[in-house]
Every structure is written in C-alpha cells, then in structure tokens.
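Colleague: Contents of entry-v6.cif (mmCIF, C-alpha atoms) are given next:
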```
data_start
#
loop_
_atom_site.group_PDB
_atom_site.id
_atom_site.type_symbol
_atom_site.label_atom_id
_atom_site.label_comp_id
_atom_site.auth_asym_id
_atom_site.auth_seq_id
_atom_site.Cartn_x
_atom_site.Cartn_y
_atom_site.Cartn_z
ATOM 1 C CA MET A 1 144.157 102.543 251.929
ATOM 2 C CA ASN A 2 146.835 100.408 253.542
ATOM 3 C CA THR A 3 149.754 98.184 252.616
ATOM 4 C CA ASP A 4 152.113 96.260 254.868
ATOM 5 C CA GLY A 5 154.350 93.209 254.629
ATOM 6 C CA SER A 6 153.597 89.946 256.383
ATOM 7 C CA PRO A 7 155.949 86.925 256.512
ATOM 8 C CA VAL A 8 154.467 83.868 254.805
ATOM 9 C CA TYR A 9 156.766 81.128 256.115
ATOM 10 C CA LYS A 10 159.009 81.064 259.169
ATOM 11 C CA SER A 11 161.718 79.195 257.259
ATOM 12 C CA THR A 12 162.090 81.723 254.411
ATOM 13 C CA LYS A 13 162.306 85.482 253.952
ATOM 14 C CA ASN A 14 159.330 85.609 251.587
ATOM 15 C CA SER A 15 156.661 88.130 252.505
ATOM 16 C CA LEU A 16 153.236 89.081 251.206
ATOM 17 C CA TRP A 17 152.210 92.720 250.676
ATOM 18 C CA PRO A 18 148.498 93.364 250.045
ATOM 19 C CA ILE A 19 146.958 96.708 249.065
ATOM 20 C CA GLN A 20 143.750 96.953 251.095
ATOM 21 C CA PHE A 21 141.027 99.560 251.390
ATOM 22 C CA ARG A 22 137.617 100.182 252.928
ATOM 23 C CA ILE A 23 134.628 102.096 251.579
ATOM 24 C CA ASN A 24 134.138 105.147 253.770
ATOM 25 C CA GLU A 25 130.436 105.551 252.939
ATOM 26 C CA PHE A 26 129.526 102.269 254.645
ATOM 27 C CA PRO A 27 127.956 102.744 258.099
ATOM 28 C CA PRO A 28 130.625 102.373 260.843
ATOM 29 C CA GLU A 29 129.192 99.054 262.060
ATOM 30 C CA LYS A 30 129.598 97.586 258.545
ATOM 31 C CA ARG A 31 132.715 99.459 257.442
ATOM 32 C CA ASP A 32 135.007 97.560 259.800
ATOM 33 C CA LEU A 33 133.673 94.070 259.027
ATOM 34 C CA SER A 34 136.307 91.789 257.490
ATOM 35 C CA GLU A 35 134.040 90.947 254.529
ATOM 36 C CA ASN A 36 134.023 94.646 253.603
ATOM 37 C CA LEU A 37 137.819 94.897 253.488
ATOM 38 C CA MET A 38 138.721 95.120 249.790
ATOM 39 C CA LEU A 39 141.877 93.752 248.142
ATOM 40 C CA ALA A 40 143.318 95.937 245.374
ATOM 41 C CA GLY A 41 146.751 94.387 244.817
ATOM 42 C CA LEU A 42 149.218 91.747 246.005
ATOM 43 C CA TRP A 43 153.011 91.478 246.029
ATOM 44 C CA PHE A 44 154.999 88.356 246.925
ATOM 45 C CA GLY A 45 158.772 88.206 247.185
ATOM 46 C CA LYS A 46 161.906 88.069 249.296
ATOM 47 C CA LYS A 47 162.361 91.838 249.305
ATOM 48 C CA GLU A 48 160.141 94.806 249.969
ATOM 49 C CA PRO A 49 158.276 95.851 246.815
ATOM 50 C CA ASN A 50 159.396 98.714 244.627
ATOM 51 C CA MET A 51 156.531 101.039 245.542
ATOM 52 C CA GLN A 52 156.638 102.881 242.208
ATOM 53 C CA VAL A 53 155.987 99.571 240.423
ATOM 54 C CA PHE A 54 153.659 98.066 243.033
ATOM 55 C CA MET A 55 151.363 101.070 243.403
ATOM 56 C CA LYS A 56 151.189 102.044 239.708
ATOM 57 C CA PRO A 57 148.175 99.845 238.714
ATOM 58 C CA PHE A 58 146.255 100.917 241.840
ATOM 59 C CA VAL A 59 146.954 104.608 241.240
ATOM 60 C CA GLN A 60 145.996 104.314 237.557
ATOM 61 C CA GLU A 61 142.721 102.606 238.481
ATOM 62 C CA MET A 62 141.920 105.239 241.103
ATOM 63 C CA TYR A 63 142.732 107.990 238.599
ATOM 64 C CA ASP A 64 140.239 106.475 236.151
ATOM 65 C CA LEU A 65 137.574 105.948 238.840
ATOM 66 C CA TYR A 66 137.822 109.621 239.784
ATOM 67 C CA HIS A 67 137.772 111.129 236.296
ATOM 68 C CA ASN A 68 135.396 108.658 234.607
ATOM 69 C CA GLY A 69 133.618 107.120 237.583
ATOM 70 C CA PHE A 70 131.177 104.240 237.283
ATOM 71 C CA SER A 71 127.407 103.724 237.209
ATOM 72 C CA TRP A 72 125.276 101.534 239.453
ATOM 73 C CA GLN A 73 121.584 101.084 240.056
ATOM 74 C CA HIS A 74 119.719 101.521 243.332
ATOM 75 C CA HIS A 75 116.096 100.426 242.878
ATOM 76 C CA GLU A 76 115.000 102.458 239.826
ATOM 77 C CA GLU A 77 117.695 105.117 240.145
ATOM 78 C CA VAL A 78 120.971 105.023 238.197
ATOM 79 C CA ILE A 79 123.750 106.629 240.236
ATOM 80 C CA GLU A 80 127.041 107.993 238.894
ATOM 81 C CA THR A 81 129.878 107.636 241.413
ATOM 82 C CA LYS A 82 133.450 108.918 241.449
ATOM 83 C CA VAL A 83 136.091 107.531 243.811
ATOM 84 C CA ILE A 84 138.589 109.453 245.958
ATOM 85 C CA THR A 85 141.343 108.066 248.205
ATOM 86 C CA LEU A 86 140.898 109.853 251.543
ATOM 87 C CA ASN A 87 143.939 108.629 253.446
ATOM 88 C CA CYS A 88 146.783 106.148 253.602
ATOM 89 C CA VAL A 89 147.572 104.226 256.801
ATOM 90 C CA VAL A 90 151.002 102.574 256.818
ATOM 91 C CA ASP A 91 153.731 101.946 259.373
ATOM 92 C CA SER A 92 156.825 104.091 259.835
ATOM 93 C CA VAL A 93 158.887 101.855 257.511
ATOM 94 C CA ALA A 94 156.464 101.892 254.568
ATOM 95 C CA LYS A 95 155.460 105.557 254.947
ATOM 96 C CA PRO A 96 158.665 107.175 253.571
ATOM 97 C CA THR A 97 158.684 104.824 250.563
ATOM 98 C CA LEU A 98 155.127 105.897 249.711
ATOM 99 C CA GLN A 99 155.610 109.564 250.586
ATOM 100 C CA GLY A 100 159.004 109.883 248.917
ATOM 101 C CA THR A 101 160.684 111.189 252.067
ATOM 102 C CA THR A 102 163.468 110.446 254.533
ATOM 103 C CA GLN A 103 162.797 107.726 257.098
ATOM 104 C CA PHE A 104 161.753 108.783 260.609
ATOM 105 C CA ASN A 105 165.241 108.224 262.044
ATOM 106 C CA GLY A 106 166.941 110.618 259.606
ATOM 107 C CA TYR A 107 167.216 114.394 259.479
ATOM 108 C CA PHE A 108 163.909 116.042 258.476
ATOM 109 C CA GLY A 109 162.265 112.690 259.181
ATOM 110 C CA CYS A 110 159.033 114.228 260.488
ATOM 111 C CA ASN A 111 156.295 113.803 257.871
ATOM 112 C CA TYR A 112 154.231 116.730 259.125
ATOM 113 C CA CYS A 113 156.602 119.631 259.822
ATOM 114 C CA TYR A 114 160.041 120.984 258.943
ATOM 115 C CA HIS A 115 161.754 120.126 262.232
ATOM 116 C CA PRO A 116 165.263 119.064 261.134
ATOM 117 C CA GLY A 117 165.813 116.878 264.197
ATOM 118 C CA ASP A 118 168.661 116.949 266.696
ATOM 119 C CA LEU A 119 171.369 114.299 267.030
ATOM 120 C CA ILE A 120 171.293 113.185 270.684
ATOM 121 C CA ASP A 121 173.010 109.983 271.876
ATOM 122 C CA ASN A 122 173.499 108.939 268.240
ATOM 123 C CA GLN A 123 169.757 109.165 267.559
ATOM 124 C CA ILE A 124 167.641 111.793 265.836
ATOM 125 C CA ARG A 125 165.329 113.374 268.418
ATOM 126 C CA TYR A 126 162.681 116.051 268.005
ATOM 127 C CA CYS A 127 162.773 118.685 270.724
ATOM 128 C CA SER A 128 159.737 120.843 271.422
ATOM 129 C CA ASP A 129 160.755 123.756 269.168
ATOM 130 C CA LYS A 130 157.988 124.838 266.776
ATOM 131 C CA PHE A 131 158.620 124.627 263.029
ATOM 132 C CA ASP A 132 156.411 125.341 260.024
ATOM 133 C CA ASP A 133 153.956 122.641 258.983
ATOM 134 C CA ARG A 134 154.421 120.803 255.710
ATOM 135 C CA THR A 135 151.665 121.335 253.142
ATOM 136 C CA ASP A 136 150.477 119.370 250.131
ATOM 137 C CA VAL A 137 151.330 122.234 247.761
ATOM 138 C CA LYS A 138 154.844 122.703 249.145
ATOM 139 C CA ILE A 139 155.780 119.014 249.257
ATOM 140 C CA ARG A 140 154.700 118.588 245.622
ATOM 141 C CA GLU A 141 156.978 121.480 244.636
ATOM 142 C CA GLU A 142 159.848 119.913 246.608
ATOM 143 C CA MET A 143 159.295 116.535 244.937
ATOM 144 C CA LEU A 144 159.543 118.048 241.470
ATOM 145 C CA PHE A 145 162.607 120.113 242.411
ATOM 146 C CA CYS A 146 164.564 117.301 244.082
ATOM 147 C CA THR A 147 163.841 114.976 241.139
ATOM 148 C CA SER A 148 165.006 117.518 238.548
ATOM 149 C CA GLN A 149 168.119 118.415 240.563
ATOM 150 C CA SER A 150 168.899 114.887 241.884
ATOM 151 C CA THR A 151 169.040 116.156 245.452
ATOM 152 C CA THR A 152 167.115 115.997 248.731
ATOM 153 C CA VAL A 153 165.059 118.974 249.919
ATOM 154 C CA SER A 154 164.081 119.149 253.613
ATOM 155 C CA GLY A 155 163.756 115.377 253.767
ATOM 156 C CA VAL A 156 161.922 115.043 250.439
ATOM 157 C CA LYS A 157 163.857 112.626 248.204
ATOM 158 C CA ARG A 158 161.654 111.696 245.246
ATOM 159 C CA ILE A 159 158.192 111.913 243.701
ATOM 160 C CA SER A 160 155.678 109.906 245.709
ATOM 161 C CA PRO A 161 154.121 106.843 244.013
ATOM 162 C CA LEU A 162 150.783 108.406 245.060
ATOM 163 C CA TYR A 163 151.553 111.791 243.452
ATOM 164 C CA VAL A 164 148.785 111.592 240.833
ATOM 165 C CA LEU A 165 146.073 110.216 243.129
ATOM 166 C CA PRO A 166 143.233 112.737 242.600
ATOM 167 C CA ASN A 167 142.499 115.012 245.571
ATOM 168 C CA PHE A 168 144.959 113.120 247.801
ATOM 169 C CA ASP A 169 146.859 115.233 250.346
ATOM 170 C CA LEU A 170 150.481 114.031 250.322
ATOM 171 C CA VAL A 171 151.031 115.312 253.878
ATOM 172 C CA ASN A 172 147.845 115.009 255.906
ATOM 173 C CA GLY A 173 146.602 112.093 253.803
ATOM 174 C CA PHE A 174 149.212 109.957 255.586
ATOM 175 C CA VAL A 175 147.518 109.584 258.947
ATOM 176 C CA ILE A 176 149.176 108.537 262.198
ATOM 177 C CA ASP A 177 149.589 104.767 262.524
ATOM 178 C CA TYR A 178 147.903 104.234 265.902
ATOM 179 C CA MET A 179 148.965 100.602 266.312
ATOM 180 C CA HIS A 180 152.708 101.202 265.937
ATOM 181 C CA ALA A 181 152.864 104.750 267.321
ATOM 182 C CA VAL A 182 150.706 104.266 270.426
ATOM 183 C CA LEU A 183 150.274 100.582 271.259
ATOM 184 C CA LEU A 184 153.629 99.141 270.176
ATOM 185 C CA GLY A 185 155.288 102.531 270.679
ATOM 186 C CA VAL A 186 154.356 104.765 273.614
ATOM 187 C CA ALA A 187 152.481 102.157 275.687
ATOM 188 C CA LYS A 188 155.324 99.662 275.382
ATOM 189 C CA LEU A 189 157.994 102.299 276.002
ATOM 190 C CA THR A 190 156.405 103.538 279.229
ATOM 191 C CA VAL A 191 156.213 100.028 280.705
ATOM 192 C CA THR A 192 159.846 99.442 279.742
ATOM 193 C CA LEU A 193 160.935 102.701 281.395
ATOM 194 C CA TRP A 194 158.974 101.970 284.567
ATOM 195 C CA THR A 195 160.230 98.402 285.033
ATOM 196 C CA ASP A 196 163.653 98.098 283.370
ATOM 197 C CA SER A 197 166.527 97.902 285.859
ATOM 198 C CA LYS A 198 168.386 100.531 283.803
ATOM 199 C CA SER A 199 165.900 103.038 285.275
ATOM 200 C CA HIS A 200 166.539 102.020 288.894
ATOM 201 C CA ASN A 201 167.696 105.530 289.843
ATOM 202 C CA SER A 202 164.716 107.248 288.190
ATOM 203 C CA PRO A 203 161.775 108.533 290.269
ATOM 204 C CA TYR A 204 159.289 106.568 288.146
ATOM 205 C CA TYR A 205 161.047 103.198 288.573
ATOM 206 C CA ILE A 206 158.712 100.455 289.858
ATOM 207 C CA GLY A 207 160.708 97.408 288.765
ATOM 208 C CA LYS A 208 160.644 95.997 292.296
ATOM 209 C CA LYS A 209 156.842 96.093 292.254
ATOM 210 C CA VAL A 210 156.230 93.952 289.154
ATOM 211 C CA ASP A 211 155.041 91.007 291.263
ATOM 212 C CA LYS A 212 152.332 93.208 292.765
ATOM 213 C CA ILE A 213 151.397 94.457 289.282
ATOM 214 C CA ASP A 214 151.212 90.846 288.073
ATOM 215 C CA GLU A 215 149.051 89.862 291.027
ATOM 216 C CA ARG A 216 146.493 92.467 289.985
ATOM 217 C CA LEU A 217 146.877 91.925 286.246
ATOM 218 C CA LEU A 218 146.522 88.142 286.258
ATOM 219 C CA ASN A 219 143.421 88.303 288.449
ATOM 220 C CA ILE A 220 141.555 90.436 285.906
ATOM 221 C CA LYS A 221 138.751 88.535 284.155
ATOM 222 C CA PRO A 222 138.120 90.394 280.880
ATOM 223 C CA PRO A 223 134.816 90.146 278.967
ATOM 224 C CA GLN A 224 134.516 88.137 275.748
ATOM 225 C CA SER A 225 135.078 91.279 273.664
ATOM 226 C CA ILE A 226 138.749 91.141 274.755
ATOM 227 C CA THR A 227 139.972 87.988 273.049
ATOM 228 C CA ARG A 228 143.269 87.468 274.914
ATOM 229 C CA ARG A 229 143.543 86.860 278.629
ATOM 230 C CA PRO A 230 146.084 89.022 280.499
ATOM 231 C CA ARG A 231 149.668 87.787 280.471
ATOM 232 C CA SER A 232 152.374 88.599 282.996
ATOM 233 C CA ILE A 233 153.933 92.019 282.611
ATOM 234 C CA LYS A 234 157.260 90.169 282.714
ATOM 235 C CA GLU A 235 156.277 88.829 279.267
ATOM 236 C CA SER A 236 155.330 92.265 277.921
ATOM 237 C CA VAL A 237 158.196 92.192 275.419
ATOM 238 C CA ARG A 238 156.159 89.515 273.585
ATOM 239 C CA TRP A 239 152.739 91.156 273.906
ATOM 240 C CA LYS A 240 150.788 91.693 270.693
ATOM 241 C CA ALA A 241 149.204 95.027 269.768
ATOM 242 C CA ASN A 242 145.745 94.031 271.049
ATOM 243 C CA GLU A 243 147.303 93.086 274.407
ATOM 244 C CA TRP A 244 148.871 96.543 274.627
ATOM 245 C CA ARG A 245 145.495 98.052 273.762
ATOM 246 C CA ALA A 246 143.820 96.167 276.610
ATOM 247 C CA TRP A 247 146.646 97.161 278.966
ATOM 248 C CA LEU A 248 146.520 100.831 278.057
ATOM 249 C CA LEU A 249 142.752 101.328 278.057
ATOM 250 C CA TYR A 250 141.541 98.866 280.698
ATOM 251 C CA TYR A 251 144.192 97.165 282.832
ATOM 252 C CA SER A 252 146.912 99.718 283.519
ATOM 253 C CA LEU A 253 145.034 102.033 285.897
ATOM 254 C CA PRO A 254 143.941 99.375 288.440
ATOM 255 C CA CYS A 255 147.348 97.700 288.131
ATOM 256 C CA LEU A 256 149.393 100.871 288.691
ATOM 257 C CA ILE A 257 147.377 102.792 291.272
ATOM 258 C CA ASP A 258 149.324 103.231 294.543
ATOM 259 C CA LEU A 259 152.411 101.727 292.858
ATOM 260 C CA LEU A 260 153.402 104.315 290.236
ATOM 261 C CA PRO A 261 154.179 107.737 291.771
ATOM 262 C CA VAL A 262 151.179 110.070 291.545
ATOM 263 C CA ALA A 263 152.728 112.570 289.106
ATOM 264 C CA TYR A 264 153.550 109.820 286.611
ATOM 265 C CA LEU A 265 150.219 108.094 287.131
ATOM 266 C CA LYS A 266 148.374 111.335 286.306
ATOM 267 C CA HIS A 267 150.526 111.710 283.195
ATOM 268 C CA HIS A 268 149.623 108.156 282.157
ATOM 269 C CA LEU A 269 145.920 108.764 282.861
ATOM 270 C CA LEU A 270 145.966 111.721 280.498
ATOM 271 C CA LEU A 271 147.358 109.446 277.780
ATOM 272 C CA ILE A 272 144.592 106.899 278.451
ATOM 273 C CA SER A 273 141.957 109.616 278.274
ATOM 274 C CA THR A 274 143.185 111.082 274.975
ATOM 275 C CA VAL A 275 143.546 107.694 273.265
ATOM 276 C CA TYR A 276 140.111 106.597 274.481
ATOM 277 C CA SER A 277 138.551 109.812 273.169
ATOM 278 C CA LEU A 278 140.206 109.461 269.766
ATOM 279 C CA LEU A 279 138.905 105.890 269.438
ATOM 280 C CA LYS A 280 135.275 106.934 269.863
ATOM 281 C CA THR A 281 132.956 106.609 266.871
ATOM 282 C CA GLN A 282 131.853 110.225 267.313
ATOM 283 C CA ILE A 283 133.914 113.192 268.431
ATOM 284 C CA THR A 284 133.235 116.932 268.441
ATOM 285 C CA ALA A 285 135.485 119.714 267.163
ATOM 286 C CA THR A 286 135.766 121.079 270.721
ATOM 287 C CA GLU A 287 136.912 117.687 272.003
ATOM 288 C CA LEU A 288 139.569 117.537 269.287
ATOM 289 C CA ILE A 289 140.963 120.911 270.356
ATOM 290 C CA ASP A 290 141.139 119.759 273.995
ATOM 291 C CA ILE A 291 142.756 116.469 272.965
ATOM 292 C CA GLU A 292 145.387 118.290 270.917
ATOM 293 C CA ASP A 293 146.250 120.459 273.938
ATOM 294 C CA ASP A 294 146.467 117.351 276.130
ATOM 295 C CA LEU A 295 148.744 115.563 273.654
ATOM 296 C CA PHE A 296 151.088 118.560 273.546
ATOM 297 C CA PHE A 297 151.193 118.526 277.350
ATOM 298 C CA ILE A 298 151.887 114.766 277.411
ATOM 299 C CA CYS A 299 154.835 115.159 275.029
ATOM 300 C CA GLU A 300 156.263 118.233 276.740
ATOM 301 C CA ALA A 301 156.020 116.617 280.180
ATOM 302 C CA VAL A 302 158.087 113.580 279.191
#
```
Can I see the file as structure tokens?
Modeller:
Amino acid sequence: MNTDGSPVYKSTKNSLWPIQFRINEFPPEKRDLSENLMLAGLWFGKKEPNMQVFMKPFVQEMYDLYHNGFSWQHHEEVIETKVITLNCVVDSVAKPTLQGTTQFNGYFGCNYCYHPGDLIDNQIRYCSDKFDDRTDVKIREEMLFCTSQSTTVSGVKRISPLYVLPNFDLVNGFVIDYMHAVLLGVAKLTVTLWTDSKSHNSPYYIGKKVDKIDERLLNIKPPQSITRRPRSIKESVRWKANEWRAWLLYYSLPCLIDLLPVAYLKHHLLLISTVYSLLKTQITATELIDIEDDLFFICEAV
C-alpha cells in the first residue's frame, strides 16, 4: 500500500493524494503493470490530509475483507479469500503521520530502533551505536500509553491510523522507501560531496574533473529500456529519480573509474552491488545476510 501527494497545478497549492495498492499474488511480470495498480482512495486539497480521516475508510474495508473475506469462482471451484495488508511504502514525510511517530529529523526519529539521535551541527544524526530494535508489540503498547497520558514515548506520539489493520506489523510493515532513501538520497548526496566546491579540501573531491565525467557520461548510448538519455552531471540537481537509478547502477562506474580515488570508488562499488542485488526478482537468504553486512560496512565507512 502507498500514498503520496502530487501537485495538480503549478499555479496553486492544491495536491492530490491517492491510496494505491498491488495484489501480491500476481506473478511478478504482471504485478508491476500499471493496469494492475489499484486505487483505494483519493484526497484533494491545499493541505496534507488528516491521515486518521483519510485512512479510516480504507482500514475499515481491509478489516472487513480480512474477517469476512469474499468469494470468487475459478472454473467450477468457488474460492474464499481473505485480504491482508503486507506492507506500507511511503516517503519520510508521510511515514510518521501514518506510523504515529516523530519525524526523521527529531529525537527518536528512527522508525526501526530506539536510537535517540545526537544533535550535531544543529541536525539530528545517528551514530553507529547499537540500540534495541522496535517491535510491533512494543510500539502498540507505547501508542496506547502516550495517548492515555498525552505524552510522547521514545518518539511515539499517537495511535497509528493503521493500528487496526489485521496482521499488519507497525514497525517492519513500513518498508524502506528506496526511491527517496537511495536514489534521491544517498546517490545524490555522494555526487554532491564529490563535486561541490565546499569539499575542495577533502580527499574524495573531484570537482575539477566534472568535464571529464561529462565527456564519458554524455557519450553513453543507453538501450530503449532506459527512457531518459544521460544529462550533464552539472545538471544533477535537477535529475529525476530514474536518472539517479541509471547513474547509480549503470553509468557511474565507467564515468568515475580513474577519476575518483580508489578507496572511495570501491566504497561506491559496494553500494552499487548491494542495491543491484536487492532489486533482483529473486534473492536467497544467504545473499540477504551478506548484503546486510555490506550495508553496515558502507554506513560505518562513511
């Protein structure tokens, strides 16, 4: 399930918020087709929706579809089906409103553990100290307590609008938003660090080599499966998410080799490898363990 706001007109502040979902039991090649993307709700207005109000009809319907289910016929067989919401994919702005928690830039802003955060340069940062993981059982207890006591508990502020969704995990059910976290987040940040003149004293700075990067980048002829042609890295501030995806997975290695210092290039290659592996249609449990180790190393090496 997903919801996100999209501006309707450039001249006004009105935005449209759909509730969308896919049916997990479809084969992968059909699951991602646009005609199989279902619309469950729609909000239009000048402000972000009140999630308690917006999500209530959807949650009620899902509650009924789980407890009462529905019947359908396949050939001569009548099948009884019950519906479960497996996960919720939203950006870092919508997530706390749906989870009932503090936003990512506040204390206890991590949705998955109890790291309180450290104030560094007027920003909340998360150092590599290990803290206990949040659990569905514990966060539900905290929601009830903070509501009854009108207080905040470890970043939990209120009861989630999805609280009564049957079998929904209020911690791990909110999966990582790959587009914002990786493409518009880490991939964009690394290019900014490498090329911004503010980093001119840093060992990874390659701002004076952007013309060479552009020479390589603009000579790449991508296949038809990549819909946008490469744009200058000098325009990267305006790149869309699919341009960052193409840069990260396909363009960055040939563009950076012999230009980015070896240690930083190897670090970047590990990021490419882990993201590529996680985007595969099939992945083994052993691969997931290795990827988790690699991601910890990537974060700790920053």
Colleague: Which residues are close to Ile23 (chain A), i.e. within 9 Å by all atoms listed in the file, leaving aside same-chain residues fewer than 5 positions away? Reply as an NGL selection string.
Modeller: :A and (31 or 36-38)
Colleague: Name every residue that the PyMOL selection byres ((chain A and resi 158-162) around 9) selects in this structure, writing the answer as a PDB file with C-alpha atoms, in the coordinates of the input with chains first and numbers rising.
Modeller:
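Here's the written file selection28.pdb:
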```
ATOM      1  CA  MET A  51     156.531 101.039 245.542  1.00  0.00           C
ATOM      2  CA  GLN A  52     156.638 102.881 242.208  1.00  0.00           C
ATOM      3  CA  VAL A  53     155.987  99.571 240.423  1.00  0.00           C
ATOM      4  CA  PHE A  54     153.659  98.066 243.033  1.00  0.00           C
ATOM      5  CA  MET A  55     151.363 101.070 243.403  1.00  0.00           C
ATOM      6  CA  LYS A  56     151.189 102.044 239.708  1.00  0.00           C
ATOM      7  CA  VAL A  59     146.954 104.608 241.240  1.00  0.00           C
ATOM      8  CA  PRO A  96     158.665 107.175 253.571  1.00  0.00           C
ATOM      9  CA  THR A  97     158.684 104.824 250.563  1.00  0.00           C
ATOM     10  CA  LEU A  98     155.127 105.897 249.711  1.00  0.00           C
ATOM     11  CA  GLN A  99     155.610 109.564 250.586  1.00  0.00           C
ATOM     12  CA  GLY A 100     159.004 109.883 248.917  1.00  0.00           C
ATOM     13  CA  THR A 101     160.684 111.189 252.067  1.00  0.00           C
ATOM     14  CA  ARG A 140     154.700 118.588 245.622  1.00  0.00           C
ATOM     15  CA  GLU A 142     159.848 119.913 246.608  1.00  0.00           C
ATOM     16  CA  MET A 143     159.295 116.535 244.937  1.00  0.00           C
ATOM     17  CA  LEU A 144     159.543 118.048 241.470  1.00  0.00           C
ATOM     18  CA  PHE A 145     162.607 120.113 242.411  1.00  0.00           C
ATOM     19  CA  CYS A 146     164.564 117.301 244.082  1.00  0.00           C
ATOM     20  CA  THR A 147     163.841 114.976 241.139  1.00  0.00           C
ATOM     21  CA  SER A 150     168.899 114.887 241.884  1.00  0.00           C
ATOM     22  CA  THR A 151     169.040 116.156 245.452  1.00  0.00           C
ATOM     23  CA  THR A 152     167.115 115.997 248.731  1.00  0.00           C
ATOM     24  CA  VAL A 156     161.922 115.043 250.439  1.00  0.00           C
ATOM     25  CA  LYS A 157     163.857 112.626 248.204  1.00  0.00           C
ATOM     26  CA  TYR A 163     151.553 111.791 243.452  1.00  0.00           C
ATOM     27  CA  VAL A 164     148.785 111.592 240.833  1.00  0.00           C
ATOM     28  CA  LEU A 165     146.073 110.216 243.129  1.00  0.00           C
ATOM     29  CA  PHE A 168     144.959 113.120 247.801  1.00  0.00           C
ATOM     30  CA  LEU A 170     150.481 114.031 250.322  1.00  0.00           C
TER      31      LEU A 170
END
```
Colleague: Taking into account only C-alpha atoms, which residue in the set A:Pro166, A:Pro254, A:Gly109, A:Pro28 is nearest to Tyr63 (chain A)?
Modeller: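 Counting only C-alpha atoms, the residue closest to Tyr63 (chain A) is A:Pro166.
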Colleague: If we count only C-alpha atoms, what is near Ser273 (chain A) at a cut-off of 12 Å, once residues fewer than 3 positions away on the same chain are taken out, given as a PyMOL selection string?
Modeller: chain A and resi 248-250+253+266-270+276-280+287+290-292+294-295+298
Colleague: Using only C-alpha atoms, please write the residues we just selected to a file, as a PDB file, keeping the file's coordinate frame.
Modeller:
```pdb
ATOM      1  CA  LEU A 248     146.520 100.831 278.057  1.00  0.00           C
ATOM      2  CA  LEU A 249     142.752 101.328 278.057  1.00  0.00           C
ATOM      3  CA  TYR A 250     141.541  98.866 280.698  1.00  0.00           C
ATOM      4  CA  LEU A 253     145.034 102.033 285.897  1.00  0.00           C
ATOM      5  CA  LYS A 266     148.374 111.335 286.306  1.00  0.00           C
ATOM      6  CA  HIS A 267     150.526 111.710 283.195  1.00  0.00           C
ATOM      7  CA  HIS A 268     149.623 108.156 282.157  1.00  0.00           C
ATOM      8  CA  LEU A 269     145.920 108.764 282.861  1.00  0.00           C
ATOM      9  CA  LEU A 270     145.966 111.721 280.498  1.00  0.00           C
ATOM     10  CA  TYR A 276     140.111 106.597 274.481  1.00  0.00           C
ATOM     11  CA  SER A 277     138.551 109.812 273.169  1.00  0.00           C
ATOM     12  CA  LEU A 278     140.206 109.461 269.766  1.00  0.00           C
ATOM     13  CA  LEU A 279     138.905 105.890 269.438  1.00  0.00           C
ATOM     14  CA  LYS A 280     135.275 106.934 269.863  1.00  0.00           C
ATOM     15  CA  GLU A 287     136.912 117.687 272.003  1.00  0.00           C
ATOM     16  CA  ASP A 290     141.139 119.759 273.995  1.00  0.00           C
ATOM     17  CA  ILE A 291     142.756 116.469 272.965  1.00  0.00           C
ATOM     18  CA  GLU A 292     145.387 118.290 270.917  1.00  0.00           C
ATOM     19  CA  ASP A 294     146.467 117.351 276.130  1.00  0.00           C
ATOM     20  CA  LEU A 295     148.744 115.563 273.654  1.00  0.00           C
ATOM     21  CA  ILE A 298     151.887 114.766 277.411  1.00  0.00           C
TER      22      ILE A 298
END
```
Colleague: Take CA of Asn24 (chain A) and CA of Asn2 (chain A) and report the distance between them in Å, one decimal.
Modeller: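 Spanning CA of Asn24 (chain A) to CA of Asn2 (chain A) is a straight-line distance of 13.6 Å.
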Colleague: In Å, with one decimal, what is the gap from CA of Phe296 (chain A) to CA of Leu189 (chain A)?
Modeller: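 The value is 17.8 Å.
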